[in-house]
Amino acid sequence: MKLHEDRKTVVMVVDDAVDSIRMINDALEEAGMTVLVALEGNQALTISQNITPDVVLMDALMPHMDGFETCRRLKENPAFTDIPIIFMTGLSDTEHVVMGLNAGGVDYVTKPINTTELLARMDVHLANARMTRSARSALDTAGQNLFAVDREGNLLWGTPQVCRCLPDSSHPEFPDVRAKLEEWLSHNLEPGHVMPLRALDTPRSVEYLALVDGREYLLRLKTPQNQNSAAAALRERFQLTLRESDVLLWIANGKTNREIGQILDMSPRTVNKHLEQVFRKLGVENRTAAAASAIRLLATQ
């Protein structure tokens with residue numbers, strides 16, 4: 001069985017049993033794939049620092065670091081977010097199957113391996129992973145820098161551009177960014193709320209979009225350029241001054257006068273003065289109506 005692609009599929013096999021590796025290697029190479037071999041978990045982690053395979057075949061029980069921990073460690077690397085990890089185990093009881101799936105695996109096969117079944121399962125998971133990566137790349141191309149985190153601020157997935165802009169779990173900035181996201185998400189956020197966020201020495205902001213399935217917080221990473229273009233759109237449409245458009249933008253993002261003052265380095269009283277002019281120019285009476293007008297305009301940008 002061969003996957004019909006111009007580029008060879010790269011498979012990392014992590015197993016401490018040489019005989020098992022030899023049998024799997026022969027079947028994969030016959031199917032036209034490139035095989036990387038790791039005899040234990042730490043070797044797999046070392047390989048992953050330089051090469052990202054298309055799929056990982058993971059032995060569940062190995063000395064020093066078992067397959068479950070190795071899987072968890074691999075999944076901490078954003079490059080492995082969409083990489084399917086299939087467990088190979090002689091244990092078919094529910095406990096070990098669940099452990100593998102909870103660690104980040106997508107499937108499991110029992111030993112002795114039926115190579116025809118293994119290749120069929122790999123084919124399905126590779127197709128799904130490539131569709132997912134293609135969709136996320138398309139979102140980047142469309143300027144939608146989206147990502148999702150859990151309640152603790154840990155990255156669940158992100159488009160390629162987002163993964164380049166946010167620190168990974170090994171970066172010194174990661175704990176601070178994760179903690180800031182966790183604290184922000186603990187509030188009762190409404191879609192459109194924005195939080196300033198400095199990541200990798202670059203000022204950015206994060207926009208809250210939705211809570212998906214009660215566990216994934218869908219967010220958009222925005223650069224100063226995104227914010228400037230939004231403010232420019234408000235300025236042109238409503239004939240606002242530079243400061244008035246900045247104030248209206250942050251009002252639309254749910255910020256209080258005090259928060260806006262801190263962001264724009266002005267007093268809450270000055271913010272209120274700008275708001276009076278914004279209300280007059282928009283023909284509205286309060287900040288809720290002003291925010292609604294801004295959100296409607298920005299939704300079309």
# chains A, B, ... in the order shown; residues from 1 in each chain; ligands from 1
call {"tool": "residues_around", "arguments": {"residues": "Gly41 in chain A", "least_positions_apart": "5", "cutoff": "12 Å", "atoms": "only C-alpha atoms", "output": "list in words"}}
result
Met12, Val13, Val14, Asp15, Asp16, Thr46, Ile47, Ser48, Val56, Leu57, Met58, Asp59, Ala60, Leu61, Met62, Pro63, His64, Met65, Asp66, Gly67, Phe68, Glu69, Thr70, Cys71, Arg72, Arg73 and Leu74 of chain A
call {"tool": "write_last_selection", "arguments": {"atoms": "N, CA and C atoms", "output": "compact mmCIF listing (two decimals), in the first residue's frame"}}
result
# COMPACT_ATOMS: atom_id res chain seq x y z
N MET A 12 8.31 8.42 12.35
CA MET A 12 9.22 8.16 13.45
C MET A 12 8.68 6.98 14.25
N VAL A 13 9.48 5.93 14.36
CA VAL A 13 9.11 4.73 15.12
C VAL A 13 9.87 4.76 16.44
N VAL A 14 9.14 4.75 17.54
CA VAL A 14 9.76 4.78 18.87
C VAL A 14 9.46 3.46 19.56
N ASP A 15 10.49 2.61 19.70
CA ASP A 15 10.28 1.26 20.23
C ASP A 15 11.63 0.72 20.70
N ASP A 16 11.65 0.05 21.83
CA ASP A 16 12.91 -0.50 22.34
C ASP A 16 13.14 -1.94 21.87
N THR A 46 14.98 14.11 21.21
CA THR A 46 16.13 14.70 20.55
C THR A 46 15.89 14.84 19.05
N ILE A 47 15.37 13.79 18.43
CA ILE A 47 15.06 13.84 17.00
C ILE A 47 14.05 14.94 16.71
N SER A 48 13.06 15.09 17.59
CA SER A 48 11.97 16.05 17.35
C SER A 48 12.45 17.49 17.39
N VAL A 56 3.90 9.47 14.03
CA VAL A 56 4.75 8.78 15.01
C VAL A 56 4.07 7.47 15.40
N LEU A 57 4.86 6.38 15.38
CA LEU A 57 4.41 5.10 15.91
C LEU A 57 5.12 4.91 17.24
N MET A 58 4.35 4.81 18.32
CA MET A 58 4.91 4.88 19.68
C MET A 58 4.63 3.60 20.47
N ASP A 59 5.70 2.93 20.89
CA ASP A 59 5.54 1.79 21.80
C ASP A 59 5.08 2.33 23.15
N ALA A 60 4.11 1.68 23.76
CA ALA A 60 3.56 2.17 25.02
C ALA A 60 4.50 1.95 26.19
N LEU A 61 5.12 0.77 26.27
CA LEU A 61 5.93 0.41 27.43
C LEU A 61 7.41 0.33 27.03
N MET A 62 8.19 1.28 27.55
CA MET A 62 9.64 1.33 27.30
C MET A 62 10.34 1.68 28.60
N PRO A 63 11.61 1.30 28.76
CA PRO A 63 12.35 1.67 29.97
C PRO A 63 12.67 3.16 29.99
N HIS A 64 12.96 3.67 31.19
CA HIS A 64 13.37 5.07 31.41
C HIS A 64 12.19 6.04 31.23
N MET A 65 11.64 6.13 30.02
CA MET A 65 10.50 7.02 29.78
C MET A 65 9.49 6.25 28.93
N ASP A 66 8.31 6.01 29.48
CA ASP A 66 7.34 5.21 28.71
C ASP A 66 6.74 6.03 27.57
N GLY A 67 5.98 5.34 26.73
CA GLY A 67 5.41 5.99 25.56
C GLY A 67 4.42 7.09 25.90
N PHE A 68 3.71 6.95 27.01
CA PHE A 68 2.71 7.96 27.39
C PHE A 68 3.40 9.29 27.71
N GLU A 69 4.46 9.24 28.50
CA GLU A 69 5.19 10.46 28.85
C GLU A 69 5.89 11.04 27.62
N THR A 70 6.46 10.16 26.79
CA THR A 70 7.11 10.63 25.56
C THR A 70 6.10 11.37 24.68
N CYS A 71 4.91 10.82 24.56
CA CYS A 71 3.86 11.45 23.77
C CYS A 71 3.51 12.83 24.33
N ARG A 72 3.33 12.91 25.64
CA ARG A 72 3.00 14.20 26.26
C ARG A 72 4.09 15.23 25.99
N ARG A 73 5.36 14.79 26.10
CA ARG A 73 6.48 15.71 25.89
C ARG A 73 6.53 16.16 24.42
N LEU A 74 6.29 15.25 23.50
CA LEU A 74 6.28 15.63 22.09
C LEU A 74 5.17 16.65 21.80
call {"tool": "atom_distance", "arguments": {"atom1": "CA of Glu244 in chain A", "atom2": "CA of Glu190 in chain A"}}
result
23.0 Å
call {"tool": "residues_around", "arguments": {"residues": "Thr202 in chain A", "least_positions_apart": "2", "cutoff": "10 Å", "atoms": "only C-alpha atoms", "output": "count of residues only"}}
result
10
call {"tool": "atom_distance", "arguments": {"atom1": "CA of Phe87 in chain A", "atom2": "CA of Phe147 in chain A"}}
result
26.7 Å
call {"tool": "select_by_dssp", "arguments": {"residues": "range 67-236 of chain A", "states": "strand (DSSP E or B)", "output": "ChimeraX atom specification"}}
result
/A:85-89,107-110,146-149,155-158,194-199,202-212,216-222
call {"tool": "decode", "arguments": {"residues": "range 102-128 of chain A", "atoms": "N, CA, C and O atoms", "output": "mmCIF file, in the first residue's frame"}}
result
data_model
loop_
_atom_site.group_PDB
_atom_site.id
_atom_site.type_symbol
_atom_site.label_atom_id
_atom_site.label_comp_id
_atom_site.auth_asym_id
_atom_site.auth_seq_id
_atom_site.Cartn_x
_atom_site.Cartn_y
_atom_site.Cartn_z
ATOM 1 N N ASN A 102 -5.378 9.918 26.244
ATOM 2 C CA ASN A 102 -5.256 11.102 27.096
ATOM 3 C C ASN A 102 -3.895 11.773 26.956
ATOM 4 O O ASN A 102 -3.760 12.979 27.179
ATOM 5 N N ALA A 103 -2.880 10.990 26.612
ATOM 6 C CA ALA A 103 -1.535 11.553 26.455
ATOM 7 C C ALA A 103 -1.389 12.331 25.157
ATOM 8 O O ALA A 103 -0.407 13.046 24.968
ATOM 9 N N GLY A 104 -2.350 12.186 24.250
ATOM 10 C CA GLY A 104 -2.280 12.907 22.981
ATOM 11 C C GLY A 104 -2.271 12.005 21.768
ATOM 12 O O GLY A 104 -2.176 12.482 20.638
ATOM 13 N N GLY A 105 -2.372 10.690 21.983
ATOM 14 C CA GLY A 105 -2.427 9.762 20.858
ATOM 15 C C GLY A 105 -3.767 9.815 20.152
ATOM 16 O O GLY A 105 -4.769 10.240 20.736
ATOM 17 N N VAL A 106 -3.769 9.398 18.883
ATOM 18 C CA VAL A 106 -5.017 9.415 18.116
ATOM 19 C C VAL A 106 -5.575 8.016 17.896
ATOM 20 O O VAL A 106 -6.740 7.856 17.502
ATOM 21 N N ASP A 107 -4.738 6.985 18.136
ATOM 22 C CA ASP A 107 -5.178 5.632 17.825
ATOM 23 C C ASP A 107 -4.205 4.654 18.481
ATOM 24 O O ASP A 107 -3.178 5.068 19.049
ATOM 25 N N TYR A 108 -4.525 3.366 18.411
ATOM 26 C CA TYR A 108 -3.596 2.353 18.917
ATOM 27 C C TYR A 108 -3.770 1.075 18.112
ATOM 28 O O TYR A 108 -4.839 0.802 17.554
ATOM 29 N N VAL A 109 -2.682 0.321 18.014
ATOM 30 C CA VAL A 109 -2.719 -1.015 17.412
ATOM 31 C C VAL A 109 -2.054 -1.969 18.389
ATOM 32 O O VAL A 109 -1.145 -1.592 19.128
ATOM 33 N N THR A 110 -2.513 -3.190 18.406
ATOM 34 C CA THR A 110 -1.960 -4.162 19.352
ATOM 35 C C THR A 110 -0.894 -5.024 18.683
ATOM 36 O O THR A 110 -0.947 -5.294 17.482
ATOM 37 N N LYS A 111 0.084 -5.411 19.494
ATOM 38 C CA LYS A 111 1.134 -6.313 19.025
ATOM 39 C C LYS A 111 0.662 -7.762 19.192
ATOM 40 O O LYS A 111 -0.051 -8.059 20.148
ATOM 41 N N PRO A 112 1.097 -8.654 18.299
ATOM 42 C CA PRO A 112 1.969 -8.415 17.138
ATOM 43 C C PRO A 112 1.257 -7.580 16.079
ATOM 44 O O PRO A 112 0.048 -7.730 15.856
ATOM 45 N N ILE A 113 2.008 -6.671 15.427
ATOM 46 C CA ILE A 113 1.431 -5.701 14.513
ATOM 47 C C ILE A 113 0.999 -6.362 13.200
ATOM 48 O O ILE A 113 1.760 -7.102 12.581
ATOM 49 N N ASN A 114 -0.216 -6.074 12.823
ATOM 50 C CA ASN A 114 -0.692 -6.426 11.487
ATOM 51 C C ASN A 114 -0.372 -5.226 10.594
ATOM 52 O O ASN A 114 -1.026 -4.181 10.672
ATOM 53 N N THR A 115 0.654 -5.352 9.753
ATOM 54 C CA THR A 115 1.145 -4.194 9.002
ATOM 55 C C THR A 115 0.117 -3.646 8.018
ATOM 56 O O THR A 115 0.085 -2.431 7.759
ATOM 57 N N THR A 116 -0.718 -4.512 7.462
ATOM 58 C CA THR A 116 -1.754 -4.026 6.541
ATOM 59 C C THR A 116 -2.732 -3.120 7.269
ATOM 60 O O THR A 116 -3.106 -2.041 6.784
ATOM 61 N N GLU A 117 -3.154 -3.550 8.461
ATOM 62 C CA GLU A 117 -4.050 -2.722 9.275
ATOM 63 C C GLU A 117 -3.356 -1.437 9.702
ATOM 64 O O GLU A 117 -3.953 -0.350 9.663
ATOM 65 N N LEU A 118 -2.090 -1.534 10.107
ATOM 66 C CA LEU A 118 -1.338 -0.356 10.547
ATOM 67 C C LEU A 118 -1.262 0.684 9.431
ATOM 68 O O LEU A 118 -1.518 1.868 9.654
ATOM 69 N N LEU A 119 -0.912 0.263 8.223
ATOM 70 C CA LEU A 119 -0.798 1.204 7.107
ATOM 71 C C LEU A 119 -2.144 1.841 6.772
ATOM 72 O O LEU A 119 -2.212 3.031 6.433
ATOM 73 N N ALA A 120 -3.215 1.082 6.900
ATOM 74 C CA ALA A 120 -4.548 1.635 6.627
ATOM 75 C C ALA A 120 -4.900 2.710 7.646
ATOM 76 O O ALA A 120 -5.440 3.780 7.290
ATOM 77 N N ARG A 121 -4.610 2.449 8.916
ATOM 78 C CA ARG A 121 -4.886 3.440 9.962
ATOM 79 C C ARG A 121 -4.019 4.685 9.758
ATOM 80 O O ARG A 121 -4.486 5.817 9.925
ATOM 81 N N MET A 122 -2.747 4.477 9.415
ATOM 82 C CA MET A 122 -1.860 5.609 9.172
ATOM 83 C C MET A 122 -2.377 6.470 8.033
ATOM 84 O O MET A 122 -2.334 7.711 8.102
ATOM 85 N N ASP A 123 -2.858 5.832 6.982
ATOM 86 C CA ASP A 123 -3.371 6.554 5.819
ATOM 87 C C ASP A 123 -4.493 7.510 6.227
ATOM 88 O O ASP A 123 -4.527 8.683 5.835
ATOM 89 N N VAL A 124 -5.429 7.007 7.054
ATOM 90 C CA VAL A 124 -6.560 7.829 7.503
ATOM 91 C C VAL A 124 -6.078 9.011 8.336
ATOM 92 O O VAL A 124 -6.485 10.164 8.106
ATOM 93 N N HIS A 125 -5.207 8.747 9.315
ATOM 94 C CA HIS A 125 -4.766 9.817 10.209
ATOM 95 C C HIS A 125 -3.886 10.834 9.489
ATOM 96 O O HIS A 125 -3.940 12.040 9.790
ATOM 97 N N LEU A 126 -3.072 10.387 8.549
ATOM 98 C CA LEU A 126 -2.249 11.318 7.764
ATOM 99 C C LEU A 126 -3.130 12.237 6.925
ATOM 100 O O LEU A 126 -2.875 13.446 6.835
ATOM 101 N N ALA A 127 -4.163 11.685 6.317
ATOM 102 C CA ALA A 127 -5.073 12.508 5.503
ATOM 103 C C ALA A 127 -5.765 13.555 6.368
ATOM 104 O O ALA A 127 -5.871 14.734 5.989
ATOM 105 N N ASN A 128 -6.234 13.149 7.555
ATOM 106 C CA ASN A 128 -6.897 14.095 8.453
ATOM 107 C C ASN A 128 -5.941 15.188 8.912
ATOM 108 O O ASN A 128 -6.305 16.371 8.970
#
